Amino acid sequence: MPPTLTTQPPLYDTADAVARIVAASRRTQQPQSRGDLVSLAMGEPDFDTPEKVTAAAHASLRAGRTHYSPLLGEPALREALAAKLTATAGTPASAADILITQGGTAGLSASILGIVDPGDKVVVPEPTYSLYGDLVAMAGGTVVPVPLAPDLHWDLDRLADALDGAKLFVFCNPVNPTGIVHSREELDALARLLDGTPTIVIADEAYSDLDYTGRPFTSAISIDGLRERTVYCQTFSKSYAMTGWRVGYLWGPPQLIQASARVHNTFNGSVGTFVQDAALAAVESCDEDVARMRAAYEERGELMRGELATIPGLTLSAPEGAFYQFPRYDIDLPSVEVVAALRTHGVAVRPGSEFGACGEGHLRLSYAASPQSITEGVRRLAAGLSALR
């Protein structure tokens, strides 16, 4: 007789790492604008990739640059980035200590998984980009969130207590979701807190070109006392509007980059050769495009802030970089429920709780959108919040 078919799928035993991620993760998929929905949820430039970058990719493809790249990345790109990093760090940066990654996400993944062992203590300021906690959970580490001060900068006293015995400190600057830019004084204070400790730092500076403070941006790798313990994580996604190209890079102490490379090579392998050729064109020839987009974001940020200021019950943040507003609302509902209600009014934003428990009571809005979308999206936001009162 033929075997009897069962109607129930078999139960598979998945890895504990998956359960840890499920338990810890607050990340949610938010939609792009479509039909009658205006999305202010996407952390993605609405600009097209600069033409010089696209042309370089076309030329690379026509030249047959479609084979495997070296695992650390193309030498020409790494040399160009070494020159850029030398200027940023104020000390010679070797191309040998640069790893080209499958976007900033893969760089963060490779570095955190290359550093964190089960049980390790990892300190993160909060609210912050939720991927950090997911990756620490995957590695079996323990996240210790440190609430920010009322101005959304670091609370240095709390940070000092939390850093005791920490294997790793992870932060972004400028900050997703708050838009805060950490100053040289704050970074110097962090260096003093870590002096004499073995704590490693990961500095995610994805938005470093989007600083509107009027003062020069201070990278962690320019600070004595941080440089020698910091893995610098960067991406081409934000500055160059290259989110879909999936290219980023790491630089830092050789031992840490070698560990990251081992993880990245296992999970991802090398980045596409023609994509790296396109990234090289971005580094060498797109400074004017970066400046143009940065100026547009600054204008759009002022537009969004002005529109939000007319809505009763919102306490606005004072973003200094990136392309986010992180207002606090006065309605007694969890941010996930507020976001769901706003969706029925045709606007998508992100719940503050996605960025940690300290983000509850906030919404994250992106102004990496057209002025028309910002104006209409905030109008719908106002209507939705009014209906919830």
# chains A, B, ... in the order shown; residues from 1 in each chain; ligands from 1

call {"tool": "residues_around", "arguments": {"residues": "A:Asp188", "least_positions_apart": "5", "cutoff": "12 Å", "atoms": "only C-alpha atoms", "output": "tab-separated table (two decimals) with all heavy atoms, in the first residue's frame"}}
result
chain	number	residue	atom	x	y	z
A	156	LEU	N	26.90	60.17	30.80
A	156	LEU	CA	28.24	59.63	31.03
A	156	LEU	C	28.36	58.91	32.37
A	156	LEU	O	29.15	57.96	32.50
A	156	LEU	CB	29.27	60.75	30.93
A	156	LEU	CG	29.44	61.32	29.51
A	156	LEU	CD1	30.33	62.56	29.52
A	156	LEU	CD2	30.02	60.26	28.57
A	182	HIS	N	27.35	63.05	18.16
A	182	HIS	CA	28.21	63.09	19.35
A	182	HIS	C	29.44	63.95	19.07
A	182	HIS	O	30.10	63.82	18.04
A	182	HIS	CB	28.62	61.68	19.76
A	182	HIS	CG	27.46	60.86	20.26
A	182	HIS	ND1	26.74	61.22	21.36
A	182	HIS	CD2	26.90	59.72	19.79
A	182	HIS	CE1	25.77	60.34	21.57
A	182	HIS	NE2	25.85	59.41	20.62
A	183	SER	N	29.74	64.80	20.02
A	183	SER	CA	30.80	65.80	19.87
A	183	SER	C	32.17	65.22	20.21
A	183	SER	O	32.29	64.13	20.79
A	183	SER	CB	30.52	66.99	20.78
A	183	SER	OG	30.61	66.57	22.15
A	193	LEU	N	36.87	57.03	29.89
A	193	LEU	CA	36.18	55.95	30.60
A	193	LEU	C	36.79	54.58	30.29
A	193	LEU	O	36.80	53.69	31.14
A	193	LEU	CB	34.70	55.94	30.21
A	193	LEU	CG	33.83	57.09	30.70
A	193	LEU	CD1	32.40	56.94	30.18
A	193	LEU	CD2	33.82	57.18	32.22
A	194	LEU	N	37.28	54.41	29.07
A	194	LEU	CA	37.80	53.11	28.64
A	194	LEU	C	39.30	52.96	28.87
A	194	LEU	O	39.85	51.87	28.67
A	194	LEU	CB	37.49	52.89	27.16
A	194	LEU	CG	36.01	52.80	26.80
A	194	LEU	CD1	35.84	52.62	25.29
A	194	LEU	CD2	35.32	51.67	27.55
A	195	ASP	N	39.96	54.02	29.29
A	195	ASP	CA	41.41	53.98	29.48
A	195	ASP	C	41.79	52.88	30.47
A	195	ASP	O	41.23	52.78	31.56
A	195	ASP	CB	41.89	55.34	30.00
A	195	ASP	CG	43.41	55.42	30.08
A	195	ASP	OD1	44.09	54.80	29.23
A	195	ASP	OD2	43.91	56.09	30.99
A	218	THR	N	33.46	64.70	14.10
A	218	THR	CA	34.53	64.01	14.81
A	218	THR	C	34.30	62.51	14.76
A	218	THR	O	33.33	62.00	15.32
A	218	THR	CB	34.61	64.46	16.28
A	218	THR	OG1	34.85	65.87	16.35
A	218	THR	CG2	35.75	63.74	17.00
A	219	SER	N	35.17	61.81	14.08
A	219	SER	CA	35.11	60.35	14.03
A	219	SER	C	35.79	59.75	15.26
A	219	SER	O	36.77	60.30	15.79
A	219	SER	CB	35.81	59.84	12.77
A	219	SER	OG	35.93	58.44	12.79
A	220	ALA	N	35.28	58.61	15.69
A	220	ALA	CA	35.92	57.91	16.81
A	220	ALA	C	37.36	57.57	16.51
A	220	ALA	O	38.21	57.57	17.42
A	220	ALA	CB	35.13	56.64	17.14
A	221	ILE	N	37.68	57.31	15.24
A	221	ILE	CA	39.05	56.89	14.92
A	221	ILE	C	40.01	58.08	14.89
A	221	ILE	O	41.22	57.88	14.71
A	221	ILE	CB	39.11	56.12	13.59
A	221	ILE	CG1	38.61	56.96	12.42
A	221	ILE	CG2	38.33	54.81	13.72
A	221	ILE	CD1	38.77	56.29	11.08
A	222	SER	N	39.51	59.29	15.10
A	222	SER	CA	40.40	60.45	15.21
A	222	SER	C	40.79	60.73	16.65
A	222	SER	O	41.57	61.65	16.91
A	222	SER	CB	39.72	61.69	14.61
A	222	SER	OG	38.65	62.14	15.42
A	223	ILE	N	40.24	59.96	17.59
A	223	ILE	CA	40.45	60.22	19.02
A	223	ILE	C	41.51	59.28	19.59
A	223	ILE	O	41.37	58.05	19.53
A	223	ILE	CB	39.12	60.02	19.79
A	223	ILE	CG1	38.03	60.95	19.26
A	223	ILE	CG2	39.34	60.22	21.29
A	223	ILE	CD1	38.28	62.41	19.48
A	224	ASP	N	42.58	59.85	20.14
A	224	ASP	CA	43.57	59.05	20.86
A	224	ASP	C	42.87	58.37	22.03
A	224	ASP	O	42.13	59.00	22.79
A	224	ASP	CB	44.70	59.93	21.38
A	224	ASP	CG	45.55	60.54	20.28
A	224	ASP	OD1	45.56	59.98	19.16
A	224	ASP	OD2	46.19	61.59	20.52
A	225	GLY	N	43.12	57.09	22.19
A	225	GLY	CA	42.46	56.33	23.24
A	225	GLY	C	41.26	55.54	22.73
A	225	GLY	O	40.83	54.60	23.39
A	226	LEU	N	40.73	55.92	21.59
A	226	LEU	CA	39.68	55.13	20.94
A	226	LEU	C	40.20	54.43	19.70
A	226	LEU	O	39.84	53.29	19.42
A	226	LEU	CB	38.48	56.01	20.56
A	226	LEU	CG	37.64	56.59	21.69
A	226	LEU	CD1	36.47	57.40	21.12
A	226	LEU	CD2	37.12	55.50	22.62
A	227	ARG	N	41.03	55.13	18.93
A	227	ARG	CA	41.47	54.62	17.63
A	227	ARG	C	42.01	53.19	17.72
A	227	ARG	O	41.66	52.34	16.89
A	227	ARG	CB	42.53	55.56	17.05
A	227	ARG	CG	43.01	55.20	15.64
A	227	ARG	CD	44.19	56.06	15.24
A	227	ARG	NE	43.90	57.49	15.36
A	227	ARG	CZ	44.45	58.27	16.29
A	227	ARG	NH1	45.30	57.76	17.19
A	227	ARG	NH2	44.15	59.55	16.34

call {"tool": "residues_around", "arguments": {"residues": "A:Tyr212", "least_positions_apart": "6", "cutoff": "7 Å", "atoms": "only C-alpha atoms", "output": "list in words"}}
result
Glu298, Glu320 and Gly321 of chain A

call {"tool": "select_by_dssp", "arguments": {"residues": "stretch 85-304 of chain A", "states": "alpha helix (DSSP H)", "output": "PyMOL selection string"}}
result
chain A and resi 85-89+103-115+131-139+156-163+184-194+254-267+273-285+287-304

call {"tool": "residues_around", "arguments": {"residues": "A:Arg62", "least_positions_apart": "5", "cutoff": "10 Å", "atoms": "only C-alpha atoms", "output": "PyMOL selection string"}}
result
chain A and resi 56-57+274

call {"tool": "residues_around", "arguments": {"residues": "A:Ala137", "least_positions_apart": "3", "cutoff": "6 Å", "atoms": "only C-alpha atoms", "output": "list in words"}}
result
Arg20, Ile21, Asp134, Gly140 and Gly141 of chain A

call {"tool": "residues_around", "arguments": {"residues": "A:Asp46", "least_positions_apart": "4", "cutoff": "10 Å", "atoms": "only C-alpha atoms", "output": "PyMOL selection string"}}
result
chain A and resi 42+241+293+367-370

call {"tool": "select_by_dssp", "arguments": {"residues": "stretch 249-319 of chain A", "states": "strand (DSSP E or B)", "output": "PyMOL selection string"}}
result
chain A and resi 249-251+314-315

call {"tool": "residues_around", "arguments": {"residues": "stretch 80-88 of chain A", "least_positions_apart": "3", "cutoff": "9 Å", "atoms": "only C-alpha atoms", "output": "tab-separated table (two decimals) with all heavy atoms, in the first residue's frame"}}
result
chain	number	residue	atom	x	y	z
A	75	PRO	N	41.98	45.59	-4.48
A	75	PRO	CA	43.10	46.42	-3.99
A	75	PRO	C	42.93	47.91	-4.27
A	75	PRO	O	43.23	48.74	-3.41
A	75	PRO	CB	44.31	45.84	-4.73
A	75	PRO	CG	43.93	44.41	-5.01
A	75	PRO	CD	42.46	44.44	-5.28
A	76	ALA	N	42.44	48.28	-5.47
A	76	ALA	CA	42.32	49.71	-5.81
A	76	ALA	C	41.33	50.40	-4.88
A	76	ALA	O	41.57	51.54	-4.44
A	76	ALA	CB	41.89	49.86	-7.27
A	77	LEU	N	40.21	49.75	-4.58
A	77	LEU	CA	39.23	50.35	-3.68
A	77	LEU	C	39.80	50.46	-2.27
A	77	LEU	O	39.63	51.49	-1.60
A	77	LEU	CB	37.95	49.52	-3.67
A	77	LEU	CG	36.85	49.98	-2.71
A	77	LEU	CD1	36.44	51.42	-2.97
A	77	LEU	CD2	35.63	49.04	-2.79
A	91	THR	N	46.27	59.51	11.15
A	91	THR	CA	47.41	58.59	11.27
A	91	THR	C	47.35	57.64	10.09
A	91	THR	O	46.25	57.39	9.56
A	91	THR	CB	47.35	57.82	12.60
A	91	THR	OG1	48.58	57.12	12.83
A	91	THR	CG2	46.21	56.82	12.61
A	92	PRO	N	48.47	57.11	9.62
A	92	PRO	CA	48.42	56.25	8.44
A	92	PRO	C	47.51	55.04	8.62
A	92	PRO	O	47.58	54.34	9.64
A	92	PRO	CB	49.89	55.82	8.27
A	92	PRO	CG	50.67	56.92	8.89
A	92	PRO	CD	49.86	57.37	10.06
A	93	ALA	N	46.64	54.82	7.65
A	93	ALA	CA	45.75	53.65	7.64
A	93	ALA	C	46.19	52.74	6.51
A	93	ALA	O	46.34	53.18	5.37
A	93	ALA	CB	44.31	54.08	7.44
A	94	SER	N	46.39	51.48	6.81
A	94	SER	CA	46.86	50.52	5.82
A	94	SER	C	45.70	49.86	5.10
A	94	SER	O	44.71	49.46	5.73
A	94	SER	CB	47.72	49.45	6.49
A	94	SER	OG	48.02	48.40	5.59
A	95	ALA	N	45.83	49.71	3.79
A	95	ALA	CA	44.82	48.99	3.02
A	95	ALA	C	44.71	47.54	3.48
A	95	ALA	O	43.66	46.91	3.32
A	95	ALA	CB	45.16	49.05	1.54
A	96	ALA	N	45.77	47.00	4.06
A	96	ALA	CA	45.76	45.62	4.53
A	96	ALA	C	44.77	45.42	5.67
A	96	ALA	O	44.35	44.29	5.95
A	96	ALA	CB	47.16	45.21	4.99
A	97	ASP	N	44.39	46.52	6.35
A	97	ASP	CA	43.48	46.44	7.49
A	97	ASP	C	42.07	46.88	7.13
A	97	ASP	O	41.28	47.27	8.01
A	97	ASP	CB	44.01	47.29	8.65
A	97	ASP	CG	45.38	46.82	9.11
A	97	ASP	OD1	45.63	45.61	9.06
A	97	ASP	OD2	46.20	47.69	9.50
A	98	ILE	N	41.73	46.83	5.85
A	98	ILE	CA	40.39	47.18	5.38
A	98	ILE	C	39.72	45.94	4.80
A	98	ILE	O	40.33	45.19	4.03
A	98	ILE	CB	40.44	48.29	4.30
A	98	ILE	CG1	40.98	49.59	4.92
A	98	ILE	CG2	39.07	48.52	3.67
A	98	ILE	CD1	41.22	50.68	3.90
A	218	THR	N	33.46	64.70	14.10
A	218	THR	CA	34.53	64.01	14.81
A	218	THR	C	34.30	62.51	14.76
A	218	THR	O	33.33	62.00	15.32
A	218	THR	CB	34.61	64.46	16.28
A	218	THR	OG1	34.85	65.87	16.35
A	218	THR	CG2	35.75	63.74	17.00
A	219	SER	N	35.17	61.81	14.08
A	219	SER	CA	35.11	60.35	14.03
A	219	SER	C	35.79	59.75	15.26
A	219	SER	O	36.77	60.30	15.79
A	219	SER	CB	35.81	59.84	12.77
A	219	SER	OG	35.93	58.44	12.79
A	221	ILE	N	37.68	57.31	15.24
A	221	ILE	CA	39.05	56.89	14.92
A	221	ILE	C	40.01	58.08	14.89
A	221	ILE	O	41.22	57.88	14.71
A	221	ILE	CB	39.11	56.12	13.59
A	221	ILE	CG1	38.61	56.96	12.42
A	221	ILE	CG2	38.33	54.81	13.72
A	221	ILE	CD1	38.77	56.29	11.08
A	222	SER	N	39.51	59.29	15.10
A	222	SER	CA	40.40	60.45	15.21
A	222	SER	C	40.79	60.73	16.65
A	222	SER	O	41.57	61.65	16.91
A	222	SER	CB	39.72	61.69	14.61
A	222	SER	OG	38.65	62.14	15.42
A	249	TYR	N	32.41	48.81	4.38
A	249	TYR	CA	33.77	48.38	4.74
A	249	TYR	C	34.03	48.54	6.22
A	249	TYR	O	33.36	49.31	6.92
A	249	TYR	CB	34.82	49.13	3.93
A	249	TYR	CG	34.83	50.64	4.05
A	249	TYR	CD1	35.70	51.29	4.92
A	249	TYR	CD2	33.99	51.42	3.28
A	249	TYR	CE1	35.73	52.67	5.02
A	249	TYR	CE2	34.01	52.80	3.36
A	249	TYR	CZ	34.88	53.42	4.22
A	249	TYR	OH	34.90	54.80	4.32
A	251	TRP	N	37.41	48.97	9.06
A	251	TRP	CA	38.84	49.24	9.29
A	251	TRP	C	39.08	49.24	10.79
A	251	TRP	O	38.22	49.68	11.57
A	251	TRP	CB	39.25	50.60	8.72
A	251	TRP	CG	40.69	50.97	9.02
A	251	TRP	CD1	41.79	50.46	8.39
A	251	TRP	CD2	41.16	51.88	9.99
A	251	TRP	NE1	42.93	51.02	8.93
A	251	TRP	CE2	42.57	51.90	9.91
A	251	TRP	CE3	40.54	52.71	10.94
A	251	TRP	CZ2	43.38	52.69	10.74
A	251	TRP	CZ3	41.33	53.50	11.77
A	251	TRP	CH2	42.73	53.49	11.66
A	280	LEU	N	34.46	52.52	-6.03
A	280	LEU	CA	35.68	53.29	-6.24
A	280	LEU	C	35.37	54.61	-6.95
A	280	LEU	O	35.92	55.67	-6.59
A	280	LEU	CB	36.69	52.47	-7.05
A	280	LEU	CG	38.01	53.16	-7.39
A	280	LEU	CD1	38.75	53.58	-6.13
A	280	LEU	CD2	38.88	52.24	-8.25
A	283	VAL	N	34.04	57.06	-4.40
A	283	VAL	CA	35.08	57.65	-3.55
A	283	VAL	C	35.88	58.70	-4.30
A	283	VAL	O	36.19	59.77	-3.76
A	283	VAL	CB	36.02	56.54	-3.02
A	283	VAL	CG1	37.21	57.15	-2.27
A	283	VAL	CG2	35.27	55.58	-2.11
A	284	GLU	N	36.17	58.43	-5.56
A	284	GLU	CA	37.08	59.29	-6.31
A	284	GLU	C	36.40	60.49	-6.96
A	284	GLU	O	37.07	61.51	-7.22
A	284	GLU	CB	37.79	58.47	-7.39
A	284	GLU	CG	38.74	57.42	-6.84
A	284	GLU	CD	39.46	56.65	-7.93
A	284	GLU	OE1	38.91	56.56	-9.06
A	284	GLU	OE2	40.56	56.13	-7.65

call {"tool": "residues_around", "arguments": {"residues": "A:Asp277", "least_positions_apart": "5", "cutoff": "10 Å", "atoms": "only C-alpha atoms", "output": "PyMOL selection string"}}
result
chain A and resi 53-54+56-61+65+74+76-77+272+282

call {"tool": "closest_residue", "arguments": {"among": "A:Phe355, A:Gly104, A:Glu186, A:Asn268", "to": "A:Trp245", "atoms": "only C-alpha atoms"}}
result
A:Gly104

call {"tool": "closest_residue", "arguments": {"among": "A:Ala278, A:Val123, A:Leu37, A:Val247", "to": "A:Leu159", "atoms": "only C-alpha atoms"}}
result
A:Val123
